[in-house]
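Source file: work_6.cif. Holds: mmCIF, C-alpha atoms.
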data_protein
#
loop_
_atom_site.label_atom_id
_atom_site.label_comp_id
_atom_site.auth_asym_id
_atom_site.auth_seq_id
_atom_site.Cartn_x
_atom_site.Cartn_y
_atom_site.Cartn_z
CA MET B 9 0.00 0.00 0.00
CA THR B 10 1.20 3.49 -0.83
CA ASP B 11 1.40 5.88 2.11
CA LEU B 12 -0.69 8.87 1.00
CA SER B 13 -0.65 10.66 4.36
CA LYS B 14 1.88 13.22 3.14
CA ILE B 15 0.11 13.90 -0.15
CA THR B 16 -1.30 17.41 0.24
CA CYS B 17 -2.31 18.53 -3.25
CA ILE B 18 -3.01 17.29 -6.78
CA GLU B 19 0.52 18.26 -7.80
CA ASP B 20 1.91 15.70 -5.32
CA LEU B 21 -0.15 13.02 -7.05
CA ARG B 22 1.10 14.16 -10.46
CA VAL B 23 4.72 13.83 -9.39
CA LEU B 24 4.13 10.33 -8.00
CA ALA B 25 2.18 9.24 -11.09
CA LYS B 26 4.99 10.43 -13.35
CA ARG B 27 7.35 8.09 -11.51
CA ARG B 28 5.03 5.09 -11.70
CA VAL B 29 3.29 5.26 -15.09
CA PRO B 30 5.15 4.43 -18.34
CA ARG B 31 6.16 7.59 -20.15
CA MET B 32 3.96 7.09 -23.22
CA PHE B 33 0.81 6.75 -21.10
CA TYR B 34 1.73 9.47 -18.62
CA ASP B 35 2.44 11.85 -21.53
CA TYR B 36 -0.80 10.84 -23.24
CA ALA B 37 -2.73 12.24 -20.27
CA ASP B 38 -0.44 15.16 -19.48
CA SER B 39 -0.30 16.80 -22.90
CA GLY B 40 -2.01 19.32 -25.13
CA SER B 41 -2.04 19.91 -28.85
CA TRP B 42 0.65 21.79 -30.79
CA THR B 43 2.29 24.45 -28.55
CA GLU B 44 0.14 23.41 -25.54
CA GLY B 45 -0.76 27.07 -25.07
CA THR B 46 -4.45 26.40 -24.44
CA TYR B 47 -3.57 23.47 -22.17
CA ARG B 48 -1.47 25.80 -19.98
CA ALA B 49 -4.05 28.62 -20.09
CA ASN B 50 -6.78 26.32 -18.79
CA GLN B 51 -5.03 26.15 -15.44
CA ALA B 52 -3.19 29.49 -15.42
CA ASP B 53 -6.30 31.60 -15.99
CA PHE B 54 -7.70 30.64 -12.59
CA ALA B 55 -4.78 32.29 -10.76
CA PRO B 56 -5.60 36.00 -11.37
CA MET B 57 -9.12 35.52 -10.01
CA LEU B 58 -8.74 36.87 -6.46
CA LEU B 59 -11.07 35.92 -3.62
CA ARG B 60 -12.52 38.13 -0.88
CA GLN B 61 -11.72 36.86 2.61
CA ARG B 62 -14.58 37.35 5.07
CA VAL B 63 -14.24 37.13 8.86
CA ALA B 64 -16.38 36.83 12.03
CA ILE B 65 -18.96 34.72 10.19
CA ASN B 66 -20.35 31.49 11.66
CA MET B 67 -18.67 28.70 9.67
CA GLU B 68 -20.48 25.76 11.24
CA GLY B 69 -22.81 23.46 9.31
CA ARG B 70 -21.01 23.68 5.98
CA SER B 71 -22.17 21.64 2.99
CA THR B 72 -20.82 21.34 -0.55
CA ALA B 73 -23.67 19.02 -1.56
CA THR B 74 -25.76 19.87 -4.61
CA THR B 75 -27.13 18.12 -7.70
CA MET B 76 -25.90 17.61 -11.26
CA ILE B 77 -28.71 17.01 -13.78
CA GLY B 78 -30.91 16.11 -10.82
CA GLN B 79 -28.50 13.58 -9.29
CA PRO B 80 -27.40 14.30 -5.70
CA VAL B 81 -23.63 14.80 -5.44
CA THR B 82 -21.30 15.35 -2.49
CA MET B 83 -19.78 18.29 -4.36
CA PRO B 84 -20.26 19.75 -7.86
CA VAL B 85 -17.57 17.51 -9.34
CA ALA B 86 -17.68 14.51 -11.66
CA LEU B 87 -14.90 12.33 -13.02
CA ALA B 88 -14.46 13.27 -16.67
CA PRO B 89 -14.36 10.74 -19.51
CA THR B 90 -10.72 9.99 -20.30
CA GLY B 91 -9.45 7.60 -22.92
CA LEU B 92 -6.99 4.82 -22.01
CA THR B 93 -7.71 5.24 -18.28
CA GLY B 94 -6.99 1.54 -17.85
CA MET B 95 -3.44 2.13 -19.08
CA GLN B 96 -2.66 4.52 -16.24
CA HIS B 97 -3.26 1.65 -13.82
CA ALA B 98 -4.55 -1.88 -14.29
CA ASP B 99 -8.38 -1.96 -14.42
CA GLY B 100 -8.24 1.81 -14.04
CA GLU B 101 -11.82 2.59 -15.04
CA ILE B 102 -13.16 0.12 -12.48
CA ALA B 103 -10.94 1.56 -9.75
CA ALA B 104 -11.96 5.13 -10.57
CA ALA B 105 -15.65 4.23 -10.71
CA ARG B 106 -15.45 2.57 -7.30
CA ALA B 107 -13.77 5.62 -5.78
CA ALA B 108 -16.30 8.00 -7.32
CA ASN B 109 -19.25 5.91 -6.17
CA ALA B 110 -17.95 5.72 -2.60
CA PHE B 111 -17.34 9.47 -2.53
CA GLY B 112 -20.73 10.37 -3.98
CA VAL B 113 -19.79 11.91 -7.33
CA PRO B 114 -20.47 10.71 -10.89
CA PHE B 115 -18.02 8.71 -12.96
CA THR B 116 -18.10 9.13 -16.75
CA LEU B 117 -16.76 6.28 -18.86
CA SER B 118 -15.10 7.10 -22.18
CA THR B 119 -15.96 5.30 -25.41
CA MET B 120 -12.18 4.75 -25.67
CA SER B 121 -11.88 3.02 -22.31
CA ILE B 122 -9.93 -0.13 -21.59
CA CYS B 123 -12.58 -1.64 -19.30
CA SER B 124 -15.94 -2.16 -20.99
CA ILE B 125 -19.29 -0.61 -20.09
CA GLU B 126 -20.38 -3.96 -18.69
CA ASP B 127 -17.21 -4.34 -16.57
CA VAL B 128 -17.59 -0.90 -15.02
CA ALA B 129 -21.35 -1.20 -14.45
CA GLU B 130 -20.71 -3.92 -11.86
CA HIS B 131 -18.82 -1.41 -9.69
CA ALA B 132 -20.09 2.08 -10.53
CA GLY B 133 -23.32 2.37 -8.55
CA GLN B 134 -25.88 5.05 -9.36
CA GLY B 135 -23.54 7.78 -10.63
CA PHE B 136 -22.46 6.02 -13.81
CA TRP B 137 -22.51 8.10 -17.01
CA PHE B 138 -21.27 7.15 -20.47
CA GLN B 139 -19.47 9.40 -22.93
CA LEU B 140 -20.14 8.80 -26.61
CA TYR B 141 -17.87 9.53 -29.56
CA VAL B 142 -19.87 9.54 -32.78
CA MET B 143 -18.29 7.13 -35.26
CA ARG B 144 -18.94 6.61 -38.96
CA ASP B 145 -20.19 3.10 -38.14
CA ARG B 146 -23.72 4.05 -37.06
CA ASP B 147 -24.68 0.42 -36.44
CA PHE B 148 -21.89 0.22 -33.86
CA ILE B 149 -23.05 3.49 -32.29
CA GLU B 150 -26.62 2.22 -31.99
CA ARG B 151 -25.42 -0.93 -30.26
CA LEU B 152 -23.11 1.10 -28.00
CA ILE B 153 -26.01 3.32 -26.93
CA ASP B 154 -28.13 0.26 -26.25
CA ARG B 155 -25.32 -1.28 -24.15
CA ALA B 156 -25.01 1.90 -22.09
CA LYS B 157 -28.77 1.85 -21.55
CA ALA B 158 -28.70 -1.81 -20.51
CA ALA B 159 -25.85 -1.05 -18.09
CA GLY B 160 -28.01 1.52 -16.31
CA CYS B 161 -26.00 4.62 -17.23
CA GLY B 162 -27.81 7.70 -15.93
CA ALA B 163 -26.68 10.12 -18.63
CA LEU B 164 -25.13 10.09 -22.08
CA VAL B 165 -22.35 12.62 -22.61
CA ILE B 166 -21.97 13.39 -26.32
CA THR B 167 -18.55 14.81 -27.16
CA LEU B 168 -18.73 17.12 -30.18
CA ASP B 169 -15.16 18.45 -30.38
CA LEU B 170 -13.38 15.31 -31.63
CA GLN B 171 -14.57 15.04 -35.22
CA ILE B 172 -10.89 15.14 -36.15
CA LEU B 173 -7.88 14.61 -33.89
CA GLY B 174 -5.68 17.46 -32.72
CA GLN B 175 -1.97 16.71 -33.02
CA ARG B 176 -0.21 16.00 -29.74
CA HIS B 177 3.51 16.06 -30.31
CA LYS B 178 4.36 13.88 -27.29
CA ASP B 179 2.27 10.98 -28.59
CA ILE B 180 4.12 11.03 -31.92
CA LYS B 181 7.53 11.21 -30.26
CA ASN B 182 6.68 8.41 -27.82
CA GLY B 183 5.29 6.15 -30.52
CA LEU B 184 1.86 5.90 -28.89
CA SER B 185 -0.30 3.80 -31.21
CA THR B 186 -2.63 0.80 -31.26
CA PRO B 187 -0.88 -1.44 -30.47
CA PRO B 188 1.93 0.56 -28.77
CA LYS B 189 5.25 0.45 -30.63
CA PRO B 190 7.81 -1.67 -28.73
CA THR B 191 10.74 0.71 -29.28
CA ILE B 192 13.94 0.25 -27.32
CA ALA B 193 13.28 3.48 -25.45
CA ASN B 194 9.78 2.33 -24.47
CA LEU B 195 11.00 -1.10 -23.38
CA ILE B 196 13.72 0.46 -21.23
CA ASN B 197 11.17 2.80 -19.69
CA LEU B 198 8.80 -0.13 -18.96
CA ALA B 199 11.62 -1.89 -17.14
CA THR B 200 11.66 0.97 -14.63
CA LYS B 201 7.92 0.56 -13.84
CA PRO B 202 7.66 -2.91 -12.22
CA ARG B 203 4.53 -2.04 -10.22
CA TRP B 204 2.68 -1.00 -13.39
CA VAL B 205 3.91 -4.04 -15.36
CA ALA B 206 2.84 -6.44 -12.60
CA GLY B 207 -0.62 -4.93 -12.54
CA MET B 208 -1.01 -5.21 -16.29
CA LEU B 209 0.17 -8.81 -16.36
CA ALA B 210 -2.44 -9.66 -13.73
CA THR B 211 -5.44 -8.36 -15.68
CA PRO B 212 -6.93 -9.48 -19.00
CA ARG B 213 -8.19 -5.93 -19.67
CA ARG B 214 -5.60 -4.43 -22.03
CA LYS B 215 -7.71 -3.59 -25.11
CA PHE B 216 -10.46 -1.08 -25.88
CA GLY B 217 -13.22 -2.95 -24.05
CA ASN B 218 -16.13 -1.09 -25.64
CA ILE B 219 -14.88 -1.83 -29.16
CA HIS B 220 -12.97 -5.11 -29.17
CA GLY B 221 -15.35 -7.95 -29.94
CA HIS B 222 -18.16 -5.55 -30.84
CA VAL B 223 -17.06 -4.52 -34.35
CA LYS B 224 -17.17 -6.76 -37.40
CA GLY B 225 -13.76 -7.57 -38.81
CA VAL B 226 -11.80 -6.35 -35.77
CA THR B 227 -9.97 -9.37 -34.41
CA ASP B 228 -6.75 -8.00 -32.92
CA MET B 229 -5.05 -4.77 -31.82
CA SER B 230 -3.58 -4.01 -35.25
CA ASN B 231 -6.85 -3.93 -37.19
CA LEU B 232 -8.56 -2.33 -34.18
CA GLY B 233 -6.10 0.56 -34.55
CA ALA B 234 -6.83 0.90 -38.25
CA TRP B 235 -10.60 0.84 -37.63
CA THR B 236 -10.40 3.44 -34.85
CA ALA B 237 -8.22 5.83 -36.87
CA ASP B 238 -10.81 5.95 -39.65
CA GLN B 239 -13.93 6.14 -37.48
CA PHE B 240 -14.15 9.65 -36.00
CA ASP B 241 -16.79 11.31 -38.18
CA PRO B 242 -16.02 14.78 -39.61
CA ARG B 243 -19.63 15.01 -40.82
CA LEU B 244 -21.03 15.11 -37.27
CA ASN B 245 -23.82 17.70 -36.94
CA TRP B 246 -26.74 18.71 -34.73
CA GLY B 247 -29.04 16.37 -36.64
CA ASP B 248 -26.93 13.48 -35.36
CA VAL B 249 -27.38 14.77 -31.82
CA GLU B 250 -31.17 14.72 -32.26
CA TRP B 251 -30.99 11.17 -33.63
CA ILE B 252 -28.86 10.05 -30.66
CA LYS B 253 -31.24 11.69 -28.20
CA ARG B 254 -34.18 9.80 -29.67
CA ARG B 255 -32.27 6.51 -29.59
CA TRP B 256 -31.06 7.08 -26.03
CA GLY B 257 -34.29 8.35 -24.52
CA GLY B 258 -32.62 9.58 -21.32
CA LYS B 259 -30.61 12.53 -20.09
CA ILE B 260 -28.15 14.08 -22.54
CA ILE B 261 -25.08 16.22 -21.80
CA ILE B 262 -23.30 18.00 -24.68
CA LYS B 263 -19.52 18.29 -24.25
CA GLY B 264 -17.18 20.64 -26.11
CA ILE B 265 -19.06 23.96 -26.09
CA MET B 266 -16.86 27.08 -26.19
CA GLU B 267 -19.05 29.69 -27.89
CA PRO B 268 -22.48 31.16 -26.98
CA GLU B 269 -23.88 30.38 -30.44
CA ASP B 270 -23.08 26.70 -30.01
CA ALA B 271 -24.50 26.84 -26.49
CA ARG B 272 -27.79 28.10 -27.92
CA LEU B 273 -27.77 25.21 -30.40
CA ALA B 274 -27.23 22.82 -27.48
CA VAL B 275 -30.33 24.29 -25.84
CA ASP B 276 -32.28 23.82 -29.09
CA SER B 277 -31.15 20.19 -29.24
CA GLY B 278 -33.05 19.47 -26.03
CA ALA B 279 -29.96 18.54 -24.03
CA ASP B 280 -30.19 18.55 -20.24
CA ALA B 281 -26.75 20.12 -19.74
CA LEU B 282 -23.73 21.33 -21.67
CA ILE B 283 -20.06 21.26 -20.75
CA VAL B 284 -17.89 24.28 -21.47
CA SER B 285 -14.76 22.44 -22.58
CA ASN B 286 -11.82 22.71 -24.96
CA HIS B 287 -10.99 19.03 -24.45
CA GLY B 288 -8.33 19.89 -21.90
CA GLY B 289 -6.36 21.85 -24.51
CA ARG B 290 -5.93 18.70 -26.59
CA GLN B 291 -7.76 19.86 -29.73
CA LEU B 292 -7.69 23.51 -30.89
CA ASP B 293 -4.52 25.12 -29.59
CA GLY B 294 -5.03 28.89 -29.46
CA ALA B 295 -8.57 28.63 -28.13
CA PRO B 296 -9.33 30.49 -24.87
CA SER B 297 -9.31 28.68 -21.56
CA ALA B 298 -12.57 27.09 -20.47
CA ILE B 299 -12.86 29.35 -17.42
CA ALA B 300 -12.48 32.44 -19.65
CA ALA B 301 -15.21 31.15 -21.98
CA LEU B 302 -17.61 30.22 -19.17
CA PRO B 303 -19.20 33.61 -18.25
CA ALA B 304 -20.42 34.45 -21.77
CA ILE B 305 -22.00 31.02 -22.16
CA VAL B 306 -23.71 31.23 -18.76
CA ASP B 307 -24.93 34.71 -19.66
CA ALA B 308 -26.35 33.45 -22.96
CA VAL B 309 -28.11 30.26 -21.86
CA GLY B 310 -27.69 29.71 -18.13
CA LYS B 311 -31.39 29.85 -17.28
CA GLN B 312 -32.35 27.48 -20.12
CA ILE B 313 -29.86 24.64 -19.57
CA GLU B 314 -27.56 23.42 -16.82
CA VAL B 315 -24.05 24.65 -17.56
CA HIS B 316 -21.04 22.54 -16.51
CA MET B 317 -17.31 23.06 -17.13
CA ASP B 318 -14.13 21.04 -17.53
CA SER B 319 -10.53 21.70 -18.63
CA GLY B 320 -8.08 23.01 -16.05
CA ILE B 321 -9.71 22.02 -12.74
CA ARG B 322 -6.88 21.14 -10.36
CA SER B 323 -8.20 22.20 -6.96
CA GLY B 324 -11.24 22.87 -4.84
CA GLN B 325 -10.59 26.57 -5.31
CA ASP B 326 -10.96 26.08 -9.07
CA VAL B 327 -14.28 24.30 -8.47
CA LEU B 328 -15.51 27.18 -6.29
CA LYS B 329 -14.48 29.81 -8.85
CA ALA B 330 -16.22 27.94 -11.67
CA TRP B 331 -19.35 27.58 -9.53
CA ALA B 332 -19.32 31.30 -8.70
CA LEU B 333 -19.26 32.07 -12.43
CA GLY B 334 -22.28 29.89 -13.08
CA ALA B 335 -21.01 26.34 -13.64
CA ARG B 336 -23.37 23.97 -11.83
CA GLY B 337 -20.97 21.11 -12.25
CA THR B 338 -17.26 20.62 -12.95
CA TYR B 339 -15.23 17.67 -14.21
CA ILE B 340 -11.75 16.50 -13.27
CA GLY B 341 -9.71 14.47 -15.75
CA ARG B 342 -5.97 14.74 -15.21
CA ALA B 343 -6.44 15.31 -11.47
CA PHE B 344 -8.02 11.89 -10.96
CA LEU B 345 -5.77 10.20 -13.54
CA TRP B 346 -2.72 11.30 -11.57
CA GLY B 347 -4.28 9.88 -8.42
CA LEU B 348 -5.00 6.64 -10.29
CA GLY B 349 -1.47 6.40 -11.67
CA ALA B 350 0.00 7.17 -8.27
CA ALA B 351 -1.96 4.71 -6.16
CA GLY B 352 -4.91 3.15 -7.96
CA GLU B 353 -8.33 3.42 -6.35
CA ALA B 354 -6.87 4.89 -3.16
CA GLY B 355 -5.17 7.58 -5.22
CA VAL B 356 -8.45 8.58 -6.90
CA THR B 357 -10.09 8.77 -3.47
CA LYS B 358 -7.21 10.95 -2.29
CA ALA B 359 -7.67 13.30 -5.25
CA LEU B 360 -11.35 13.68 -4.41
CA GLN B 361 -10.59 14.24 -0.73
CA ILE B 362 -8.05 16.95 -1.57
CA ILE B 363 -10.44 18.79 -3.87
CA HIS B 364 -13.33 18.50 -1.40
CA LYS B 365 -11.28 19.83 1.51
CA GLU B 366 -10.01 22.77 -0.56
CA LEU B 367 -13.54 23.53 -1.74
CA ASP B 368 -15.04 23.35 1.74
CA THR B 369 -12.33 25.44 3.43
CA THR B 370 -12.19 28.12 0.73
CA MET B 371 -15.97 28.42 0.69
CA ALA B 372 -15.91 29.07 4.44
CA PHE B 373 -13.14 31.67 4.24
CA CYS B 374 -15.22 33.46 1.60
CA GLY B 375 -18.11 33.69 4.08
CA HIS B 376 -20.36 30.86 2.88
CA THR B 377 -21.50 27.64 4.50
CA GLN B 378 -23.63 26.32 1.61
CA ILE B 379 -22.37 25.93 -1.96
CA GLY B 380 -25.74 27.08 -3.26
CA THR B 381 -25.26 30.62 -1.90
CA VAL B 382 -21.89 31.19 -3.59
CA ASP B 383 -21.88 33.70 -6.45
CA GLU B 384 -19.63 36.35 -8.02
CA SER B 385 -19.54 38.29 -4.76
CA ILE B 386 -16.69 36.03 -3.61
CA PHE B 387 -14.33 37.73 -6.10
CA ARG B 388 -12.44 40.97 -5.66
CA ALA B 389 -13.78 43.43 -8.22
CA GLY B 390 -12.03 43.44 -11.58
CA THR B 391 -10.12 40.19 -11.07
CA TYR B 392 -12.45 37.69 -12.76
CA PRO B 393 -13.64 37.20 -16.36
CA VAL B 394 -17.00 38.68 -17.37
CA ALA B 395 -19.32 37.83 -20.24
CA SER B 396 -18.30 39.44 -23.51
#

How does this structure look as structure tokens?
Amino acid sequence: MTDLSKITCIEDLRVLAKRRVPRMFYDYADSGSWTEGTYRANQADFAPMLLRQRVAINMEGRSTATTMIGQPVTMPVALAPTGLTGMQHADGEIAAARAANAFGVPFTLSTMSICSIEDVAEHAGQGFWFQLYVMRDRDFIERLIDRAKAAGCGALVITLDLQILGQRHKDIKNGLSTPPKPTIANLINLATKPRWVAGMLATPRRKFGNIHGHVKGVTDMSNLGAWTADQFDPRLNWGDVEWIKRRWGGKIIIKGIMEPEDARLAVDSGADALIVSNHGGRQLDGAPSAIAALPAIVDAVGKQIEVHMDSGIRSGQDVLKAWALGARGTYIGRAFLWGLGAAGEAGVTKALQIIHKELDTTMAFCGHTQIGTVDESIFRAGTYPVAS
């Protein structure tokens, strides 16, 4: 067991994960597209937003509890859908889902997960959501939606900003592919990660569980890679979203919204929520940070649809700032992946504990005991983004 008693922040988990996870998979998570400018801005743009410290206010009876799309949550945080989670740690999606369920926050499974929908459903509890990439193979998509429905997923998260792939230089340099390239450098690096290797040898889950065995003609990792590379659909449009909504019949969350005009289209689609997201800076480099884009979207549609946000959340303070600007839910991706890579399920729990403690304490220092009363008044004037 890893001693996590001295882990005090998400950065501590990142450092430990970097030591324990093979370089190609660590870099896959900790990277952005092209210059990584948007990736860096996602986190950096929280820093200038200054908080007002209040004193002599009764801080007893605090609660960060709220709801996301009607589901009770311990705090306005969900685990974001992240591809290859099961390569950060053996059976990673199952471990993360268990931690999220125990903590009382949703877990969102990626289409490009290692563990399958059915595997995760056995461990995820009530807060199990599924994220859908829209592929050219519509028959596969229909069956995938039906599988998510059969697994009891409470929401379908449709990601709209991955019609084509942004270029991530680290993946090219590391030889990340399906299957991974066994270069000498990668083999040497694997030799320095015995804990990770032992975990992977002990599990049969080392392929894309939602795809392998569910697509005609895909029999091994090599033709799975070829199929996947050709499947992201550049023709994706709002008509497809309406078709998916009809097929699904449940709650829909639209992910990848960065502009008010697209937010209004998300409202028109009948979605239950949208996520202000630039895919963690992994797609369009040069786009604004998600926190900078949030106020204008809330201003445009906030009373018509539940607005959530991801990209750049690394602390409970970030969660509080996003909430104050109108986000009624936030998602952590890298923050929980670093916990997973550092210490498996216990590491994900630690990440959630860190964020919750920071959120609770900061909320109190700002003069609030209930998350629902927090608004823009927590900021010092002129230090936070406004709708434009």

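Across the structure, CA of Ala279 in chain B and CA of Ile262 in chain B are spaced 6.7 Å apart.
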
> Which protein, DNA or RNA residues have an atom at most 10 Å from (-16.0, 18.5, -1.8), counting all atoms listed in the file? List them as a PyMOL selection string.
Replying inline: chain B and resi 71-73+81-85+111-113+324+327-328+360-369+379

I want to know what sits within 9 Å of range 245-257 of chain B, based on only C-alpha atoms, with residues of the same chain fewer than 2 positions away left out; could you give that as a CSV table (one decimal) with C-alpha atoms, in the frame of the given file?
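To be explicit, this is the file written out as result23.csv:
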chain,number,residue,atom,x,y,z
B,142,VAL,CA,-19.9,9.5,-32.8
B,149,ILE,CA,-23.0,3.5,-32.3
B,150,GLU,CA,-26.6,2.2,-32.0
B,153,ILE,CA,-26.0,3.3,-26.9
B,154,ASP,CA,-28.1,0.3,-26.2
B,156,ALA,CA,-25.0,1.9,-22.1
B,157,LYS,CA,-28.8,1.8,-21.6
B,164,LEU,CA,-25.1,10.1,-22.1
B,166,ILE,CA,-22.0,13.4,-26.3
B,168,LEU,CA,-18.7,17.1,-30.2
B,242,PRO,CA,-16.0,14.8,-39.6
B,243,ARG,CA,-19.6,15.0,-40.8
B,259,LYS,CA,-30.6,12.5,-20.1
B,260,ILE,CA,-28.2,14.1,-22.5
B,262,ILE,CA,-23.3,18.0,-24.7
B,273,LEU,CA,-27.8,25.2,-30.4
B,274,ALA,CA,-27.2,22.8,-27.5
B,277,SER,CA,-31.2,20.2,-29.2
B,278,GLY,CA,-33.0,19.5,-26.0
B,279,ALA,CA,-30.0,18.5,-24.0

Which residues would end up in the selection if the PyMOL selection byres ((chain B and resi 171-182) around 10) were applied here, given that I need the answer as a PDB file with C-alpha atoms, in the coordinates of the input?
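In the end it all went to out_15.pdb:
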ATOM      1  CA  ARG B  31       6.160   7.590 -20.150  1.00  0.00           C
ATOM      2  CA  MET B  32       3.960   7.090 -23.220  1.00  0.00           C
ATOM      3  CA  PHE B  33       0.810   6.750 -21.100  1.00  0.00           C
ATOM      4  CA  ASP B  35       2.440  11.850 -21.530  1.00  0.00           C
ATOM      5  CA  TYR B  36      -0.800  10.840 -23.240  1.00  0.00           C
ATOM      6  CA  ALA B  37      -2.730  12.240 -20.270  1.00  0.00           C
ATOM      7  CA  ASP B  38      -0.440  15.160 -19.480  1.00  0.00           C
ATOM      8  CA  SER B  39      -0.300  16.800 -22.900  1.00  0.00           C
ATOM      9  CA  GLY B  40      -2.010  19.320 -25.130  1.00  0.00           C
ATOM     10  CA  SER B  41      -2.040  19.910 -28.850  1.00  0.00           C
ATOM     11  CA  TRP B  42       0.650  21.790 -30.790  1.00  0.00           C
ATOM     12  CA  THR B  43       2.290  24.450 -28.550  1.00  0.00           C
ATOM     13  CA  GLU B  44       0.140  23.410 -25.540  1.00  0.00           C
ATOM     14  CA  TYR B 141     -17.870   9.530 -29.560  1.00  0.00           C
ATOM     15  CA  VAL B 142     -19.870   9.540 -32.780  1.00  0.00           C
ATOM     16  CA  MET B 143     -18.290   7.130 -35.260  1.00  0.00           C
ATOM     17  CA  THR B 167     -18.550  14.810 -27.160  1.00  0.00           C
ATOM     18  CA  LEU B 168     -18.730  17.120 -30.180  1.00  0.00           C
ATOM     19  CA  ASP B 169     -15.160  18.450 -30.380  1.00  0.00           C
ATOM     20  CA  LEU B 170     -13.380  15.310 -31.630  1.00  0.00           C
ATOM     21  CA  GLY B 183       5.290   6.150 -30.520  1.00  0.00           C
ATOM     22  CA  LEU B 184       1.860   5.900 -28.890  1.00  0.00           C
ATOM     23  CA  SER B 185      -0.300   3.800 -31.210  1.00  0.00           C
ATOM     24  CA  PRO B 188       1.930   0.560 -28.770  1.00  0.00           C
ATOM     25  CA  LYS B 189       5.250   0.450 -30.630  1.00  0.00           C
ATOM     26  CA  THR B 191      10.740   0.710 -29.280  1.00  0.00           C
ATOM     27  CA  ALA B 193      13.280   3.480 -25.450  1.00  0.00           C
ATOM     28  CA  ASN B 194       9.780   2.330 -24.470  1.00  0.00           C
ATOM     29  CA  ALA B 237      -8.220   5.830 -36.870  1.00  0.00           C
ATOM     30  CA  ASP B 238     -10.810   5.950 -39.650  1.00  0.00           C
ATOM     31  CA  GLN B 239     -13.930   6.140 -37.480  1.00  0.00           C
ATOM     32  CA  PHE B 240     -14.150   9.650 -36.000  1.00  0.00           C
ATOM     33  CA  ASP B 241     -16.790  11.310 -38.180  1.00  0.00           C
ATOM     34  CA  PRO B 242     -16.020  14.780 -39.610  1.00  0.00           C
ATOM     35  CA  ARG B 243     -19.630  15.010 -40.820  1.00  0.00           C
ATOM     36  CA  LEU B 244     -21.030  15.110 -37.270  1.00  0.00           C
ATOM     37  CA  ASN B 245     -23.820  17.700 -36.940  1.00  0.00           C
ATOM     38  CA  HIS B 287     -10.990  19.030 -24.450  1.00  0.00           C
ATOM     39  CA  GLY B 289      -6.360  21.850 -24.510  1.00  0.00           C
ATOM     40  CA  ARG B 290      -5.930  18.700 -26.590  1.00  0.00           C
ATOM     41  CA  GLN B 291      -7.760  19.860 -29.730  1.00  0.00           C
ATOM     42  CA  LEU B 292      -7.690  23.510 -30.890  1.00  0.00           C
ATOM     43  CA  ASP B 293      -4.520  25.120 -29.590  1.00  0.00           C
TER      44      ASP B 293
END

>> Could you check the closest approach to Ala298 in chain B for each of B:Lys263, B:Lys215, B:His220, B:Arg28 and tell me which residue wins, using only C-alpha atoms?
In response: B:Lys263

Could you expand the PyMOL selection byres ((chain B and resi 86) around 7) into the explicit residues it covers here, written as a CSV table (one decimal) with C-alpha atoms, keeping the file's coordinate frame?
chain,number,residue,atom,x,y,z
B,84,PRO,CA,-20.3,19.8,-7.9
B,85,VAL,CA,-17.6,17.5,-9.3
B,87,LEU,CA,-14.9,12.3,-13.0
B,88,ALA,CA,-14.5,13.3,-16.7
B,113,VAL,CA,-19.8,11.9,-7.3
B,114,PRO,CA,-20.5,10.7,-10.9
B,115,PHE,CA,-18.0,8.7,-13.0
B,338,THR,CA,-17.3,20.6,-13.0
B,339,TYR,CA,-15.2,17.7,-14.2
B,340,ILE,CA,-11.8,16.5,-13.3

>> Residues near range 310-316 of chain B, anyone? I mean within 9 Å using all atoms listed in the file, not counting same-chain ones fewer than 6 positions away, as a list in words.
In response: Met76, Ile77, Lys263, Ala274, Val275, Gly278, Ala279, Asp280, Ala281, Leu282, Ile283, Val284, Ser285, Leu302, Ala330, Trp331, Gly334, Ala335, Arg336, Gly337, Thr338 and Tyr339 of chain B

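The spacing separating CA of Asn109 in chain B from CA of Gly221 in chain B amounts to 27.8 Å.
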
> If you apply the PyMOL selection byres ((chain B and resi 27) around 12) to this file, what residues do you get, as a PyMOL selection string?
Replying inline: chain B and resi 20-26+28-31+33-35+96+197-198+200-204+346+349-351

Output C-alpha atoms for every residue in the selection just made, as a CSV table (one decimal), in the frame of the given file.
chain,number,residue,atom,x,y,z
B,20,ASP,CA,1.9,15.7,-5.3
B,21,LEU,CA,-0.2,13.0,-7.0
B,22,ARG,CA,1.1,14.2,-10.5
B,23,VAL,CA,4.7,13.8,-9.4
B,24,LEU,CA,4.1,10.3,-8.0
B,25,ALA,CA,2.2,9.2,-11.1
B,26,LYS,CA,5.0,10.4,-13.4
B,28,ARG,CA,5.0,5.1,-11.7
B,29,VAL,CA,3.3,5.3,-15.1
B,30,PRO,CA,5.2,4.4,-18.3
B,31,ARG,CA,6.2,7.6,-20.2
B,33,PHE,CA,0.8,6.8,-21.1
B,34,TYR,CA,1.7,9.5,-18.6
B,35,ASP,CA,2.4,11.8,-21.5
B,96,GLN,CA,-2.7,4.5,-16.2
B,197,ASN,CA,11.2,2.8,-19.7
B,198,LEU,CA,8.8,-0.1,-19.0
B,200,THR,CA,11.7,1.0,-14.6
B,201,LYS,CA,7.9,0.6,-13.8
B,202,PRO,CA,7.7,-2.9,-12.2
B,203,ARG,CA,4.5,-2.0,-10.2
B,204,TRP,CA,2.7,-1.0,-13.4
B,346,TRP,CA,-2.7,11.3,-11.6
B,349,GLY,CA,-1.5,6.4,-11.7
B,350,ALA,CA,0.0,7.2,-8.3
B,351,ALA,CA,-2.0,4.7,-6.2

> If we count only C-alpha atoms, what is near range 212-214 of chain B at a cut-off of 8 Å, once residues fewer than 4 positions away on the same chain are taken out, given as a ChimeraX atom specification?
Replying inline: /B:94-95,98-99,122-123,208
